[in-house]
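Worksheet: one structure, shown below.
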Amino acid sequence: MMSANYLTYAAFALICLVLLTLPFVPAYREWRHPSDIAALPISPNYSSDIDHFAWRLKADATAKLGVGMPTGYEDFDFVSHPVESMDWSRAAKRLISPDSIDTSVAIRNSRPIYVEGDIRAGAGSAFSALYATGNVELGARSEINDWAHADGILRLGPNSIALRRISAGTAIELGNEAWFERLQAPTLRFGSRKSRVLPPAQADQTPASYADLPGAIQQTPSLFLVRGDCALPAAKIYRGSLIVTGFLTIDSATTVIGDIKARKGASIGRNAWVQGAVTCEKRVYVFQDARVAGPLISESDILIGASAVIGLPDAQTTVSALNIIVEDGVTIHGAIWAHEIGMVKPV
């Protein structure tokens, strides 16, 4: 009787041990003989670094060319020259061009491509992903559908579309009526004309104090609060930061040496200069020839007028809003991110 009970308990314990062990069998098998070692694909929407995928492609391509360290993902085909005779639609792998590409015809390629040197292609070109160690120049009505990076200057002609993320080591230049989402470079130029070199604060500007504004409340020695709408008169110089619960109007040729925050939006007049950050819940208007040191942030929309300048060459900044319209001649130093859509508007 005791022997039978012992066998019953032993069988029960064995069954429990087997049931507890079974979930670990796949893990043990994968540990002994790895089968899932490939990197998981990452959507371009989920990397915070604008040039993350560009540097990933460069690492794989340079390893394929025998220059960089092996990455294990050097699966490429080579671009055939002359490129005019290449059937881009038949490309099944990522592509490498060891030499510059220079053609006046359109290139429409759905595979990521790495170019050692410059790439110039004609109007109507389209790329999913593009990296060039030199400059990129695409003609009118061209498209970037995923990302692009140039170590030098990246130019897209009028009526082009630059979706997702575009970056460059020197500058990005977009023609009029181009559409964009996220751009980053030391200098961003929009439209067909260059911004003028704007003069510093004029000698005829007169010092003014926020304390003289109707309803102004001093919060700290350098911070004032105005409940409701607020207007800063023309040709004044204000020092310190300002918070406005309504709409803020900065008149023409007025300089603010500090940060501003306006809940219901802001208007920065022609030739005005905000030497600090601008943060608003509602729409922001930056008029022609105005300057903002930045960052320039809105939870709604931003309109930047012709020849306005945002940021400084030695102090890059960020422009961010749901929708952004920049007019011909605008220059931005740093990054611009239209979370829904951005457009270059001719004047």
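Ordering of the structure tokens sets the chain letters (A, B, ...); residue numbers start at 1 within each chain; ligands are numbered from 1 in the order shown.
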
Discussion item. Run DSSP on the backbone and tell me which residues of segment 23-179 of chain A come out as strand (DSSP E or B); list them as an NGL selection string.
Written reply: :A and (76-78 or 94-97 or 101-102 or 108-109 or 113-115 or 119-121 or 126-132 or 136-138 or 143-150 or 153-156 or 161-168 or 171-174 or 179)

Item to complete: May I have the residues within 6 Å of segment 222-231 of chain A as a VMD selection string, using only C-alpha atoms and disregarding those fewer than 4 positions away in the same chain?
Response: chain A and resid 215 to 218 240 to 250

Output the selection as a PDB file, in the first residue's frame - N, CA and C atoms for each residue.
ATOM      1  N   GLY A 215      -2.132  96.574 -16.916  1.00  0.00           N
ATOM      2  CA  GLY A 215      -2.400  95.316 -16.227  1.00  0.00           C
ATOM      3  C   GLY A 215      -1.186  94.442 -15.982  1.00  0.00           C
ATOM      4  N   ALA A 216       0.029  94.966 -16.200  1.00  0.00           N
ATOM      5  CA  ALA A 216       1.229  94.149 -16.016  1.00  0.00           C
ATOM      6  C   ALA A 216       1.467  93.841 -14.545  1.00  0.00           C
ATOM      7  N   ILE A 217       1.822  92.578 -14.263  1.00  0.00           N
ATOM      8  CA  ILE A 217       2.123  92.139 -12.898  1.00  0.00           C
ATOM      9  C   ILE A 217       3.543  91.595 -12.881  1.00  0.00           C
ATOM     10  N   GLN A 218       4.383  92.155 -12.026  1.00  0.00           N
ATOM     11  CA  GLN A 218       5.765  91.700 -11.946  1.00  0.00           C
ATOM     12  C   GLN A 218       5.846  90.438 -11.093  1.00  0.00           C
ATOM     13  N   GLY A 240      13.802  91.418 -20.511  1.00  0.00           N
ATOM     14  CA  GLY A 240      13.112  90.518 -19.606  1.00  0.00           C
ATOM     15  C   GLY A 240      12.098  89.670 -20.347  1.00  0.00           C
ATOM     16  N   SER A 241      11.480  88.753 -19.636  1.00  0.00           N
ATOM     17  CA  SER A 241      10.533  87.810 -20.224  1.00  0.00           C
ATOM     18  C   SER A 241       9.095  88.212 -19.905  1.00  0.00           C
ATOM     19  N   LEU A 242       8.170  87.756 -20.756  1.00  0.00           N
ATOM     20  CA  LEU A 242       6.777  88.183 -20.649  1.00  0.00           C
ATOM     21  C   LEU A 242       5.857  86.991 -20.879  1.00  0.00           C
ATOM     22  N   ILE A 243       4.845  86.875 -20.006  1.00  0.00           N
ATOM     23  CA  ILE A 243       3.799  85.868 -20.155  1.00  0.00           C
ATOM     24  C   ILE A 243       2.478  86.591 -20.365  1.00  0.00           C
ATOM     25  N   VAL A 244       1.741  86.176 -21.403  1.00  0.00           N
ATOM     26  CA  VAL A 244       0.464  86.815 -21.738  1.00  0.00           C
ATOM     27  C   VAL A 244      -0.597  85.726 -21.809  1.00  0.00           C
ATOM     28  N   THR A 245      -1.687  85.898 -21.094  1.00  0.00           N
ATOM     29  CA  THR A 245      -2.748  84.893 -21.111  1.00  0.00           C
ATOM     30  C   THR A 245      -3.634  85.019 -22.341  1.00  0.00           C
ATOM     31  N   GLY A 246      -3.589  86.159 -23.013  1.00  0.00           N
ATOM     32  CA  GLY A 246      -4.362  86.361 -24.239  1.00  0.00           C
ATOM     33  C   GLY A 246      -3.467  86.324 -25.468  1.00  0.00           C
ATOM     34  N   PHE A 247      -3.723  87.245 -26.398  1.00  0.00           N
ATOM     35  CA  PHE A 247      -2.950  87.336 -27.644  1.00  0.00           C
ATOM     36  C   PHE A 247      -1.919  88.455 -27.510  1.00  0.00           C
ATOM     37  N   LEU A 248      -0.681  88.168 -27.928  1.00  0.00           N
ATOM     38  CA  LEU A 248       0.406  89.138 -27.831  1.00  0.00           C
ATOM     39  C   LEU A 248       0.737  89.698 -29.202  1.00  0.00           C
ATOM     40  N   THR A 249       0.784  91.020 -29.295  1.00  0.00           N
ATOM     41  CA  THR A 249       1.185  91.693 -30.529  1.00  0.00           C
ATOM     42  C   THR A 249       2.480  92.449 -30.275  1.00  0.00           C
ATOM     43  N   ILE A 250       3.508  92.136 -31.036  1.00  0.00           N
ATOM     44  CA  ILE A 250       4.767  92.873 -30.988  1.00  0.00           C
ATOM     45  C   ILE A 250       4.837  93.714 -32.253  1.00  0.00           C
TER      46      ILE A 250
END

Fill in: Nearby residues (only C-alpha atoms) at most 12 Å from segment 296-299 of chain A, same-chain spacing under 6 positions excluded, as JSON, numbers by chain
{"A": [259, 260, 261, 262, 263, 264, 265, 266, 268, 274, 275, 276, 277, 278, 279, 280, 281, 282, 283, 284, 285, 286, 309, 310, 311, 316, 317, 318, 319, 320, 321, 322, 323, 324, 332, 333, 334, 335, 336, 337, 338, 339, 340]}

Restricting the output to N, CA and C atoms, write the selected residues as a compact mmCIF listing (two decimals), in the first residue's frame.
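Below is the file that was written, again-v7.txt:
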# COMPACT_ATOMS: atom_id res chain seq x y z
N ASP A 259 12.42 85.92 -23.24
CA ASP A 259 11.47 84.94 -23.76
C ASP A 259 10.05 85.48 -23.66
N ILE A 260 9.18 84.97 -24.56
CA ILE A 260 7.78 85.33 -24.48
C ILE A 260 6.93 84.08 -24.57
N LYS A 261 5.82 84.11 -23.83
CA LYS A 261 4.86 83.02 -23.87
C LYS A 261 3.47 83.63 -23.93
N ALA A 262 2.67 83.20 -24.92
CA ALA A 262 1.33 83.76 -25.10
C ALA A 262 0.35 82.61 -25.32
N ARG A 263 -0.68 82.55 -24.51
CA ARG A 263 -1.60 81.42 -24.56
C ARG A 263 -2.42 81.41 -25.84
N LYS A 264 -2.92 82.57 -26.25
CA LYS A 264 -3.84 82.61 -27.40
C LYS A 264 -3.16 83.00 -28.71
N GLY A 265 -1.83 82.98 -28.74
CA GLY A 265 -1.13 83.26 -29.98
C GLY A 265 -0.32 84.54 -29.90
N ALA A 266 0.47 84.75 -30.96
CA ALA A 266 1.35 85.92 -30.99
C ALA A 266 1.56 86.39 -32.42
N ILE A 268 4.43 88.73 -34.42
CA ILE A 268 5.74 89.38 -34.33
C ILE A 268 5.91 90.24 -35.58
N VAL A 274 12.91 89.05 -31.50
CA VAL A 274 12.78 88.42 -30.19
C VAL A 274 14.05 87.62 -29.94
N GLN A 275 14.84 88.08 -29.00
CA GLN A 275 16.12 87.43 -28.72
C GLN A 275 15.95 86.37 -27.64
N GLY A 276 15.01 85.47 -27.88
CA GLY A 276 14.72 84.41 -26.93
C GLY A 276 13.70 83.46 -27.53
N ALA A 277 13.04 82.70 -26.68
CA ALA A 277 12.08 81.69 -27.12
C ALA A 277 10.68 82.30 -27.26
N VAL A 278 9.91 81.72 -28.19
CA VAL A 278 8.50 82.09 -28.37
C VAL A 278 7.68 80.81 -28.24
N THR A 279 6.78 80.78 -27.25
CA THR A 279 5.98 79.58 -27.00
C THR A 279 4.52 79.98 -26.93
N CYS A 280 3.68 79.31 -27.73
CA CYS A 280 2.25 79.66 -27.77
C CYS A 280 1.41 78.40 -27.89
N GLU A 281 0.20 78.47 -27.32
CA GLU A 281 -0.77 77.40 -27.54
C GLU A 281 -1.43 77.56 -28.91
N LYS A 282 -1.71 78.79 -29.29
CA LYS A 282 -2.41 79.03 -30.55
C LYS A 282 -1.44 79.50 -31.64
N ARG A 283 -1.98 80.07 -32.68
CA ARG A 283 -1.21 80.40 -33.88
C ARG A 283 -0.20 81.51 -33.64
N VAL A 284 0.96 81.39 -34.35
CA VAL A 284 2.01 82.39 -34.28
C VAL A 284 2.25 82.95 -35.68
N TYR A 285 2.29 84.28 -35.77
CA TYR A 285 2.60 84.96 -37.03
C TYR A 285 3.95 85.66 -36.88
N VAL A 286 4.90 85.29 -37.71
CA VAL A 286 6.20 85.98 -37.75
C VAL A 286 6.24 86.73 -39.08
N VAL A 309 14.15 85.41 -40.30
CA VAL A 309 15.26 84.55 -39.89
C VAL A 309 14.97 84.00 -38.50
N ILE A 310 15.07 82.68 -38.37
CA ILE A 310 14.85 82.01 -37.09
C ILE A 310 16.15 81.31 -36.70
N GLY A 311 16.64 81.60 -35.49
CA GLY A 311 17.89 81.02 -35.05
C GLY A 311 19.09 81.79 -35.55
N GLN A 316 21.92 77.25 -33.19
CA GLN A 316 20.81 76.62 -33.90
C GLN A 316 19.64 76.37 -32.96
N THR A 317 18.44 76.34 -33.54
CA THR A 317 17.24 76.25 -32.72
C THR A 317 16.22 75.34 -33.38
N THR A 318 14.98 75.36 -32.87
CA THR A 318 13.92 74.48 -33.35
C THR A 318 12.65 75.27 -33.60
N VAL A 319 11.98 74.94 -34.70
CA VAL A 319 10.64 75.45 -35.00
C VAL A 319 9.71 74.25 -35.03
N SER A 320 8.63 74.30 -34.26
CA SER A 320 7.75 73.14 -34.16
C SER A 320 6.30 73.58 -34.04
N ALA A 321 5.42 72.94 -34.84
CA ALA A 321 3.98 73.21 -34.78
C ALA A 321 3.26 72.11 -35.54
N LEU A 322 1.94 72.08 -35.43
CA LEU A 322 1.17 71.11 -36.21
C LEU A 322 1.31 71.38 -37.70
N ASN A 323 1.07 72.63 -38.10
CA ASN A 323 1.18 73.03 -39.50
C ASN A 323 2.06 74.27 -39.58
N ILE A 324 2.94 74.30 -40.58
CA ILE A 324 3.87 75.41 -40.72
C ILE A 324 3.89 75.87 -42.17
N ILE A 332 16.16 79.41 -41.67
CA ILE A 332 16.10 78.84 -40.32
C ILE A 332 17.41 78.11 -40.05
N HIS A 333 17.97 78.34 -38.90
CA HIS A 333 19.19 77.65 -38.51
C HIS A 333 18.83 76.59 -37.46
N GLY A 334 18.88 75.33 -37.87
CA GLY A 334 18.56 74.25 -36.94
C GLY A 334 17.57 73.28 -37.51
N ALA A 335 16.42 73.14 -36.86
CA ALA A 335 15.43 72.13 -37.24
C ALA A 335 14.05 72.74 -37.32
N ILE A 336 13.24 72.18 -38.23
CA ILE A 336 11.83 72.56 -38.33
C ILE A 336 11.03 71.27 -38.41
N TRP A 337 9.94 71.22 -37.64
CA TRP A 337 9.14 70.00 -37.58
C TRP A 337 7.67 70.38 -37.68
N ALA A 338 7.08 70.09 -38.82
CA ALA A 338 5.64 70.24 -39.01
C ALA A 338 5.01 68.88 -38.73
N HIS A 339 4.34 68.74 -37.59
CA HIS A 339 3.86 67.43 -37.17
C HIS A 339 2.76 66.90 -38.09
N GLU A 340 2.08 67.79 -38.79
CA GLU A 340 1.11 67.35 -39.79
C GLU A 340 1.62 67.66 -41.20

Practice prompt. Quick one: everything within 9 Å of segment 91-106 of chain A, counting only C-alpha atoms, minus sequence neighbours fewer than 4 positions away in the same chain. Send it as a PyMOL selection string.
Written response: chain A and resi 61+64-65+75-84+87+110-126+132+134+138-139+142

Practice prompt. Looking only at helix (DSSP H, G or I) from DSSP on the backbone, list the matching residues of segment 46-293 of chain A as a ChimeraX atom specification.
Written response: /A:46,52-64,83-85,88-90,210-212

May I have the selected residues written with C-alpha atoms, as a PDB file, in the first residue's frame?
ATOM      1  CA  TYR A  46       9.778  55.856 -33.940  1.00  0.00           C
ATOM      2  CA  HIS A  52      19.316  57.580 -37.429  1.00  0.00           C
ATOM      3  CA  PHE A  53      18.407  55.611 -40.538  1.00  0.00           C
ATOM      4  CA  ALA A  54      20.881  57.538 -42.686  1.00  0.00           C
ATOM      5  CA  TRP A  55      23.799  56.516 -40.478  1.00  0.00           C
ATOM      6  CA  ARG A  56      22.478  52.939 -40.354  1.00  0.00           C
ATOM      7  CA  LEU A  57      22.548  52.750 -44.155  1.00  0.00           C
ATOM      8  CA  LYS A  58      25.992  54.344 -44.295  1.00  0.00           C
ATOM      9  CA  ALA A  59      27.403  51.797 -41.861  1.00  0.00           C
ATOM     10  CA  ASP A  60      26.064  48.884 -43.911  1.00  0.00           C
ATOM     11  CA  ALA A  61      27.177  50.379 -47.238  1.00  0.00           C
ATOM     12  CA  THR A  62      30.706  51.246 -46.160  1.00  0.00           C
ATOM     13  CA  ALA A  63      31.085  47.733 -44.758  1.00  0.00           C
ATOM     14  CA  LYS A  64      30.023  46.369 -48.161  1.00  0.00           C
ATOM     15  CA  VAL A  83      22.423  55.440 -64.956  1.00  0.00           C
ATOM     16  CA  GLU A  84      20.189  56.502 -67.856  1.00  0.00           C
ATOM     17  CA  SER A  85      20.123  52.893 -69.066  1.00  0.00           C
ATOM     18  CA  TRP A  88      15.459  51.161 -61.469  1.00  0.00           C
ATOM     19  CA  SER A  89      12.114  49.383 -61.133  1.00  0.00           C
ATOM     20  CA  ARG A  90      13.845  45.979 -61.112  1.00  0.00           C
ATOM     21  CA  TYR A 210       6.864  95.881 -19.167  1.00  0.00           C
ATOM     22  CA  ALA A 211       5.798  97.589 -15.952  1.00  0.00           C
ATOM     23  CA  ASP A 212       4.243 100.365 -18.051  1.00  0.00           C
TER      24      ASP A 212
END

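Candidate residues A:Ala168, A:Ala11, A:Val344, A:Leu156 were compared for distance to Ile304 of chain A, and the nearest is A:Val344, using only C-alpha atoms.
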